file protein-v5.csv (CSV, N, CA and C atoms)
chain,number,residue,atom,x,y,z
A,1,HIS,N,-14.8,48.7,-37.0
A,1,HIS,CA,-14.6,47.4,-36.5
A,1,HIS,C,-14.3,47.5,-35.0
A,2,VAL,N,-14.8,46.5,-34.2
A,2,VAL,CA,-14.7,46.5,-32.8
A,2,VAL,C,-14.1,45.1,-32.4
A,3,GLN,N,-13.1,45.1,-31.5
A,3,GLN,CA,-12.6,43.9,-31.0
A,3,GLN,C,-12.7,43.9,-29.4
A,4,LEU,N,-13.1,42.8,-28.9
A,4,LEU,CA,-13.3,42.6,-27.5
A,4,LEU,C,-12.5,41.4,-27.0
A,5,VAL,N,-11.7,41.6,-26.0
A,5,VAL,CA,-10.8,40.5,-25.5
A,5,VAL,C,-11.1,40.4,-24.0
A,6,GLU,N,-11.6,39.2,-23.6
A,6,GLU,CA,-11.8,38.9,-22.1
A,6,GLU,C,-10.6,38.3,-21.5
A,7,SER,N,-10.5,38.5,-20.2
A,7,SER,CA,-9.5,37.8,-19.4
A,7,SER,C,-9.9,37.7,-18.0
A,8,GLY,N,-9.2,36.9,-17.2
A,8,GLY,CA,-9.5,36.9,-15.8
A,8,GLY,C,-10.3,35.6,-15.3
A,9,GLY,N,-10.7,34.8,-16.2
A,9,GLY,CA,-11.4,33.6,-15.8
A,9,GLY,C,-10.5,32.6,-15.1
A,10,GLY,N,-11.1,31.6,-14.5
A,10,GLY,CA,-10.3,30.6,-13.8
A,10,GLY,C,-11.1,29.7,-13.0
A,11,SER,N,-10.5,28.9,-12.1
A,11,SER,CA,-11.2,28.0,-11.3
A,11,SER,C,-11.1,28.5,-9.8
A,12,VAL,N,-12.2,28.4,-9.1
A,12,VAL,CA,-12.3,29.0,-7.8
A,12,VAL,C,-13.3,28.1,-7.0
A,13,GLN,N,-13.1,28.1,-5.7
A,13,GLN,CA,-14.0,27.4,-4.8
A,13,GLN,C,-15.2,28.2,-4.5
A,14,ALA,N,-16.3,27.6,-4.2
A,14,ALA,CA,-17.6,28.2,-3.9
A,14,ALA,C,-17.3,29.3,-2.8
A,15,GLY,N,-17.9,30.4,-2.9
A,15,GLY,CA,-17.7,31.5,-2.0
A,15,GLY,C,-16.5,32.4,-2.3
A,16,GLY,N,-15.7,32.0,-3.3
A,16,GLY,CA,-14.6,32.8,-3.7
A,16,GLY,C,-15.0,34.0,-4.7
A,17,SER,N,-13.9,34.6,-5.1
A,17,SER,CA,-14.1,35.8,-6.0
A,17,SER,C,-13.2,35.7,-7.2
A,18,LEU,N,-13.7,36.4,-8.3
A,18,LEU,CA,-12.9,36.5,-9.5
A,18,LEU,C,-13.2,37.9,-10.1
A,19,ARG,N,-12.3,38.5,-10.8
A,19,ARG,CA,-12.6,39.7,-11.5
A,19,ARG,C,-12.3,39.5,-13.0
A,20,LEU,N,-13.3,39.6,-13.8
A,20,LEU,CA,-13.1,39.5,-15.3
A,20,LEU,C,-12.9,40.9,-15.9
A,21,SER,N,-12.1,40.9,-16.9
A,21,SER,CA,-11.8,42.2,-17.7
A,21,SER,C,-12.2,42.0,-19.1
A,22,CYS,N,-12.6,43.0,-19.8
A,22,CYS,CA,-12.8,43.0,-21.2
A,22,CYS,C,-12.2,44.3,-21.8
A,23,GLN,N,-11.2,44.1,-22.6
A,23,GLN,CA,-10.6,45.2,-23.3
A,23,GLN,C,-11.2,45.4,-24.6
A,24,ALA,N,-11.7,46.7,-24.8
A,24,ALA,CA,-12.3,47.0,-26.1
A,24,ALA,C,-11.3,47.8,-27.0
A,25,SER,N,-11.4,47.6,-28.3
A,25,SER,CA,-10.7,48.5,-29.2
A,25,SER,C,-11.5,48.7,-30.4
A,26,GLY,N,-11.2,49.7,-31.2
A,26,GLY,CA,-11.9,50.0,-32.4
A,26,GLY,C,-12.9,51.1,-32.2
A,27,ASN,N,-14.0,51.2,-32.9
A,27,ASN,CA,-14.9,52.3,-33.0
A,27,ASN,C,-15.6,52.5,-31.6
A,28,LYS,N,-15.3,53.6,-31.0
A,28,LYS,CA,-15.8,53.9,-29.6
A,28,LYS,C,-17.3,54.0,-29.6
A,29,ASP,N,-17.9,54.6,-30.6
A,29,ASP,CA,-19.3,54.7,-30.6
A,29,ASP,C,-20.1,53.4,-30.6
A,30,LYS,N,-19.4,52.4,-31.1
A,30,LYS,CA,-20.1,51.1,-31.1
A,30,LYS,C,-19.9,50.3,-29.8
A,31,THR,N,-19.2,50.9,-28.8
A,31,THR,CA,-19.1,50.2,-27.5
A,31,THR,C,-19.7,51.0,-26.4
A,32,TRP,N,-20.7,51.9,-26.8
A,32,TRP,CA,-21.3,52.7,-25.8
A,32,TRP,C,-22.0,51.9,-24.7
A,33,CYS,N,-22.6,50.8,-25.2
A,33,CYS,CA,-23.3,49.8,-24.3
A,33,CYS,C,-22.4,48.6,-24.2
A,34,MET,N,-22.1,48.1,-23.0
A,34,MET,CA,-21.3,46.9,-22.9
A,34,MET,C,-21.9,46.0,-21.9
A,35,SER,N,-21.7,44.7,-22.1
A,35,SER,CA,-22.4,43.7,-21.3
A,35,SER,C,-21.6,42.5,-21.0
A,36,TRP,N,-21.9,41.8,-20.0
A,36,TRP,CA,-21.4,40.4,-19.7
A,36,TRP,C,-22.5,39.4,-19.9
A,37,ALA,N,-22.2,38.4,-20.6
A,37,ALA,CA,-23.2,37.3,-20.7
A,37,ALA,C,-22.4,36.0,-20.4
A,38,ARG,N,-23.2,35.0,-20.0
A,38,ARG,CA,-22.5,33.7,-19.7
A,38,ARG,C,-23.4,32.6,-20.3
A,39,GLN,N,-22.6,31.5,-20.6
A,39,GLN,CA,-23.3,30.3,-21.1
A,39,GLN,C,-22.9,29.1,-20.2
A,40,ALA,N,-23.8,28.6,-19.4
A,40,ALA,CA,-23.5,27.4,-18.6
A,40,ALA,C,-23.6,26.2,-19.5
A,41,PRO,N,-23.0,25.1,-19.1
A,41,PRO,CA,-23.0,23.9,-19.9
A,41,PRO,C,-24.4,23.4,-20.1
A,42,GLY,N,-24.8,23.2,-21.3
A,42,GLY,CA,-26.1,22.7,-21.7
A,42,GLY,C,-27.2,23.7,-21.7
A,43,LYS,N,-26.8,25.0,-21.5
A,43,LYS,CA,-27.9,26.0,-21.4
A,43,LYS,C,-27.6,27.1,-22.4
A,44,GLU,N,-28.6,27.9,-22.6
A,44,GLU,CA,-28.4,29.1,-23.6
A,44,GLU,C,-27.7,30.2,-22.9
A,45,ARG,N,-27.0,31.0,-23.7
A,45,ARG,CA,-26.3,32.1,-23.2
A,45,ARG,C,-27.3,33.2,-22.7
A,46,GLU,N,-27.0,33.8,-21.5
A,46,GLU,CA,-27.8,34.8,-20.9
A,46,GLU,C,-27.0,36.0,-20.5
A,47,GLU,N,-27.6,37.1,-20.7
A,47,GLU,CA,-27.0,38.4,-20.3
A,47,GLU,C,-27.1,38.5,-18.7
A,48,ILE,N,-26.0,38.8,-18.1
A,48,ILE,CA,-26.0,38.9,-16.6
A,48,ILE,C,-25.8,40.3,-16.1
A,49,ALA,N,-25.2,41.2,-16.9
A,49,ALA,CA,-24.9,42.5,-16.4
A,49,ALA,C,-24.6,43.4,-17.6
A,50,ALA,N,-25.0,44.7,-17.5
A,50,ALA,CA,-24.8,45.6,-18.6
A,50,ALA,C,-24.5,47.0,-18.0
A,51,ILE,N,-23.7,47.8,-18.8
A,51,ILE,CA,-23.4,49.1,-18.4
A,51,ILE,C,-23.4,50.0,-19.6
A,52,ASP,N,-24.0,51.2,-19.5
A,52,ASP,CA,-24.0,52.0,-20.7
A,52,ASP,C,-23.0,53.2,-20.5
A,53,GLY,N,-22.9,54.0,-21.6
A,53,GLY,CA,-21.9,55.0,-21.6
A,53,GLY,C,-22.1,56.1,-20.5
A,54,ASP,N,-23.3,56.2,-19.9
A,54,ASP,CA,-23.5,57.1,-18.8
A,54,ASP,C,-23.3,56.4,-17.4
A,55,GLY,N,-22.9,55.2,-17.5
A,55,GLY,CA,-22.6,54.5,-16.2
A,55,GLY,C,-23.8,53.8,-15.6
A,56,ARG,N,-24.9,53.8,-16.2
A,56,ARG,CA,-26.1,53.1,-15.7
A,56,ARG,C,-25.9,51.6,-15.8
A,57,THR,N,-26.3,50.8,-14.8
A,57,THR,CA,-26.1,49.4,-14.8
A,57,THR,C,-27.3,48.6,-14.6
A,58,ALA,N,-27.3,47.4,-15.0
A,58,ALA,CA,-28.4,46.5,-14.9
A,58,ALA,C,-27.9,45.1,-14.7
A,59,TYR,N,-28.6,44.3,-13.8
A,59,TYR,CA,-28.1,43.0,-13.5
A,59,TYR,C,-29.3,42.0,-13.6
A,60,LEU,N,-28.9,40.7,-13.9
A,60,LEU,CA,-29.8,39.6,-13.8
A,60,LEU,C,-30.0,39.4,-12.3
A,61,SER,N,-31.2,39.0,-11.9
A,61,SER,CA,-31.5,39.0,-10.5
A,61,SER,C,-30.6,37.9,-9.8
A,62,SER,N,-30.3,36.9,-10.5
A,62,SER,CA,-29.5,35.8,-9.8
A,62,SER,C,-28.1,36.3,-9.4
A,63,VAL,N,-27.6,37.4,-10.0
A,63,VAL,CA,-26.2,37.8,-9.7
A,63,VAL,C,-26.2,39.2,-9.0
A,64,GLU,N,-27.4,39.8,-8.9
A,64,GLU,CA,-27.4,41.1,-8.3
A,64,GLU,C,-27.0,41.0,-6.8
A,65,GLY,N,-26.2,41.9,-6.4
A,65,GLY,CA,-25.7,41.9,-5.0
A,65,GLY,C,-24.4,41.1,-4.8
A,66,ARG,N,-24.1,40.3,-5.8
A,66,ARG,CA,-22.9,39.5,-5.7
A,66,ARG,C,-21.9,40.0,-6.8
A,67,PHE,N,-22.4,40.4,-7.9
A,67,PHE,CA,-21.5,40.8,-9.1
A,67,PHE,C,-21.6,42.3,-9.2
A,68,THR,N,-20.5,42.9,-9.6
A,68,THR,CA,-20.5,44.4,-9.9
A,68,THR,C,-19.9,44.6,-11.2
A,69,ILE,N,-20.6,45.3,-12.1
A,69,ILE,CA,-20.0,45.7,-13.4
A,69,ILE,C,-19.5,47.1,-13.4
A,70,SER,N,-18.4,47.4,-14.0
A,70,SER,CA,-17.9,48.7,-14.0
A,70,SER,C,-17.1,48.9,-15.3
A,71,LYS,N,-16.7,50.2,-15.5
A,71,LYS,CA,-16.0,50.4,-16.8
A,71,LYS,C,-15.0,51.5,-16.5
A,72,ASP,N,-13.8,51.4,-17.0
A,72,ASP,CA,-12.8,52.4,-17.1
A,72,ASP,C,-12.8,53.0,-18.4
A,73,LYS,N,-13.4,54.2,-18.6
A,73,LYS,CA,-13.7,54.7,-19.9
A,73,LYS,C,-12.3,55.1,-20.6
A,74,SER,N,-11.4,55.6,-19.8
A,74,SER,CA,-10.2,56.1,-20.5
A,74,SER,C,-9.4,55.0,-21.0
A,75,ARG,N,-9.4,53.8,-20.3
A,75,ARG,CA,-8.6,52.6,-20.8
A,75,ARG,C,-9.5,51.7,-21.7
A,76,ARG,N,-10.8,52.0,-21.7
A,76,ARG,CA,-11.7,51.2,-22.5
A,76,ARG,C,-11.7,49.7,-22.0
A,77,VAL,N,-11.8,49.6,-20.7
A,77,VAL,CA,-11.8,48.3,-20.1
A,77,VAL,C,-13.1,48.2,-19.3
A,78,MET,N,-13.8,47.1,-19.4
A,78,MET,CA,-15.0,46.8,-18.6
A,78,MET,C,-14.6,45.7,-17.7
A,79,TYR,N,-15.1,45.7,-16.5
A,79,TYR,CA,-14.9,44.7,-15.5
A,79,TYR,C,-16.1,44.1,-15.0
A,80,LEU,N,-16.0,42.9,-14.4
A,80,LEU,CA,-17.0,42.2,-13.7
A,80,LEU,C,-16.4,41.6,-12.4
A,81,GLN,N,-16.7,42.2,-11.3
A,81,GLN,CA,-16.2,41.7,-10.0
A,81,GLN,C,-17.3,40.7,-9.5
A,82,MET,N,-16.8,39.5,-9.3
A,82,MET,CA,-17.7,38.4,-8.9
A,82,MET,C,-17.4,38.0,-7.6
A,83,ASN,N,-18.2,38.1,-6.6
A,83,ASN,CA,-18.0,37.7,-5.2
A,83,ASN,C,-19.1,36.7,-4.9
A,84,GLY,N,-18.8,35.9,-3.8
A,84,GLY,CA,-19.8,34.9,-3.4
A,84,GLY,C,-20.1,33.9,-4.5
A,85,LEU,N,-19.1,33.5,-5.3
A,85,LEU,CA,-19.4,32.6,-6.4
A,85,LEU,C,-20.0,31.3,-6.0
A,86,LYS,N,-20.9,30.8,-6.8
A,86,LYS,CA,-21.6,29.5,-6.6
A,86,LYS,C,-21.3,28.6,-7.7
A,87,PRO,N,-21.5,27.3,-7.5
A,87,PRO,CA,-21.2,26.3,-8.6
A,87,PRO,C,-22.1,26.6,-9.8
A,88,GLU,N,-23.3,27.2,-9.6
A,88,GLU,CA,-24.2,27.5,-10.8
A,88,GLU,C,-23.7,28.7,-11.5
A,89,ASP,N,-22.7,29.4,-11.1
A,89,ASP,CA,-22.1,30.5,-11.9
A,89,ASP,C,-21.1,29.9,-12.9
A,90,THR,N,-20.8,28.7,-12.8
A,90,THR,CA,-19.9,28.1,-13.8
A,90,THR,C,-20.3,28.2,-15.2
A,91,GLY,N,-19.4,28.6,-16.1
A,91,GLY,CA,-19.8,28.8,-17.5
A,91,GLY,C,-18.7,29.6,-18.2
A,92,MET,N,-19.0,29.8,-19.5
A,92,MET,CA,-18.1,30.6,-20.3
A,92,MET,C,-18.7,32.0,-20.3
A,93,TYR,N,-17.9,33.0,-19.9
A,93,TYR,CA,-18.3,34.4,-19.8
A,93,TYR,C,-17.8,35.2,-21.0
A,94,TYR,N,-18.8,35.9,-21.6
A,94,TYR,CA,-18.5,36.7,-22.8
A,94,TYR,C,-18.8,38.2,-22.6
A,95,CYS,N,-17.9,38.9,-23.2
A,95,CYS,CA,-18.1,40.4,-23.2
A,95,CYS,C,-18.8,40.7,-24.5
A,96,ALA,N,-19.7,41.6,-24.5
A,96,ALA,CA,-20.5,42.1,-25.7
A,96,ALA,C,-20.6,43.6,-25.7
A,97,ALA,N,-20.8,44.1,-26.9
A,97,ALA,CA,-20.9,45.6,-27.0
A,97,ALA,C,-21.7,46.0,-28.2
A,98,ASP,N,-22.3,47.2,-28.1
A,98,ASP,CA,-23.0,47.7,-29.2
A,98,ASP,C,-23.2,49.2,-29.0
A,99,ALA,N,-23.7,49.9,-30.0
A,99,ALA,CA,-23.9,51.3,-29.9
A,99,ALA,C,-25.0,51.7,-28.9
A,100,ARG,N,-25.9,50.8,-28.6
A,100,ARG,CA,-27.0,51.1,-27.7
A,100,ARG,C,-27.4,49.8,-27.0
A,101,CYS,N,-28.1,50.0,-25.8
A,101,CYS,CA,-28.5,48.9,-25.0
A,101,CYS,C,-29.9,48.5,-25.4
A,102,GLY,N,-30.2,47.3,-25.0
A,102,GLY,CA,-31.6,46.9,-25.1
A,102,GLY,C,-31.9,46.1,-26.4
A,103,PHE,N,-30.9,45.9,-27.2
A,103,PHE,CA,-31.0,45.2,-28.4
A,103,PHE,C,-30.0,44.1,-28.5
A,104,THR,N,-30.0,43.3,-29.6
A,104,THR,CA,-29.0,42.2,-29.7
A,104,THR,C,-27.7,42.9,-30.0
A,105,TYR,N,-26.7,42.4,-29.2
A,105,TYR,CA,-25.3,42.9,-29.3
A,105,TYR,C,-24.7,42.4,-30.6
A,106,THR,N,-24.0,43.3,-31.3
A,106,THR,CA,-23.3,43.0,-32.5
A,106,THR,C,-21.9,42.4,-32.3
A,107,TYR,N,-21.2,42.9,-31.3
A,107,TYR,CA,-19.8,42.5,-31.1
A,107,TYR,C,-19.7,41.7,-29.9
A,108,TRP,N,-18.9,40.6,-30.0
A,108,TRP,CA,-18.7,39.6,-29.0
A,108,TRP,C,-17.2,39.3,-28.9
A,109,GLY,N,-16.8,39.0,-27.6
A,109,GLY,CA,-15.4,38.5,-27.4
A,109,GLY,C,-15.5,36.9,-27.5
A,110,GLN,N,-14.3,36.3,-27.3
A,110,GLN,CA,-14.2,34.9,-27.5
A,110,GLN,C,-14.6,34.1,-26.2
A,111,GLY,N,-14.6,34.8,-25.1
A,111,GLY,CA,-15.1,34.2,-23.9
A,111,GLY,C,-13.9,33.8,-23.0
A,112,THR,N,-14.2,33.7,-21.7
A,112,THR,CA,-13.3,33.3,-20.7
A,112,THR,C,-14.0,32.3,-19.7
A,113,GLN,N,-13.4,31.2,-19.4
A,113,GLN,CA,-14.1,30.2,-18.7
A,113,GLN,C,-14.0,30.5,-17.2
A,114,VAL,N,-15.1,30.3,-16.5
A,114,VAL,CA,-15.2,30.4,-15.0
A,114,VAL,C,-15.7,29.1,-14.5
A,115,THR,N,-15.0,28.5,-13.6
A,115,THR,CA,-15.4,27.2,-13.0
A,115,THR,C,-15.4,27.3,-11.5
A,116,VAL,N,-16.6,27.1,-10.9
A,116,VAL,CA,-16.7,27.2,-9.5
A,116,VAL,C,-17.1,25.8,-8.9
A,117,SER,N,-16.3,25.3,-8.0
A,117,SER,CA,-16.5,24.0,-7.4
A,117,SER,C,-16.7,24.0,-5.9
call {"tool": "encode", "arguments": {"input": "protein-v5.csv", "output": "structure tokens"}}
result
Amino acid sequence: HVQLVESGGGSVQAGGSLRLSCQASGNKDKTWCMSWARQAPGKEREEIAAIDGDGRTAYLSSVEGRFTISKDKSRRVMYLQMNGLKPEDTGMYYCAADARCGFTYTYWGQGTQVTVS
């Protein structure tokens, strides 16, 4: 069993920054690949950044250069540093995990809201 708990969301003005955290617990093998996804109002959820167990990262083009995904392996915490926030970044941000990347994620957190005005 895997549990993911997000934190760090909030309201910020355009151009501001936020750092999201995702604390993982449970089976380590099933969190080798971790990801951040977001769902904007009225839109489908989309993956915006991912990091694998070897530290390789990937980003959605619209956030690349502004957002940075990282992971503290020893504490099992994944981060998303978001700089230069735009109103279109508003949405619910979810942490996801699975044993491998490139497939549908099995484990999801409850989400944390980010609002940019």
call {"tool": "closest_residue", "arguments": {"input": "protein-v5.csv", "among": "A:Cys22, A:Val12, A:Val77, A:Met34", "to": "Thr112 (chain A)", "atoms": "only C-alpha atoms"}}
result
A:Cys22
call {"tool": "residues_around", "arguments": {"input": "protein-v5.csv", "residues": "Gly55 (chain A)", "least_positions_apart": "5", "cutoff": "8 Å", "atoms": "only N, CA and C atoms", "output": "VMD selection string"}}
result
chain A and resid 32 50 70 to 71
call {"tool": "closest_residue", "arguments": {"input": "protein-v5.csv", "among": "A:Leu80, A:Leu85, A:Cys101, A:Val5", "to": "Leu20 (chain A)", "atoms": "only C-alpha atoms"}}
result
A:Leu80
call {"tool": "residues_near_point", "arguments": {"input": "protein-v5.csv", "point": "(-18.5, 49.2, -27.8)", "cutoff": "6.5 Å", "atoms": "all atoms listed in the file", "output": "PyMOL selection string"}}
result
chain A and resi 27-34+96-99
call {"tool": "closest_residue", "arguments": {"input": "protein-v5.csv", "among": "A:Ile69, A:Val2, A:Cys95, A:Ile51", "to": "Gln81 (chain A)", "atoms": "all atoms listed in the file"}}
result
A:Ile69
call {"tool": "atom_distance", "arguments": {"input": "protein-v5.csv", "atom1": "atom C of Gly109 (chain A)", "atom2": "CA of Glu88 (chain A)"}}
result
21.0 Å
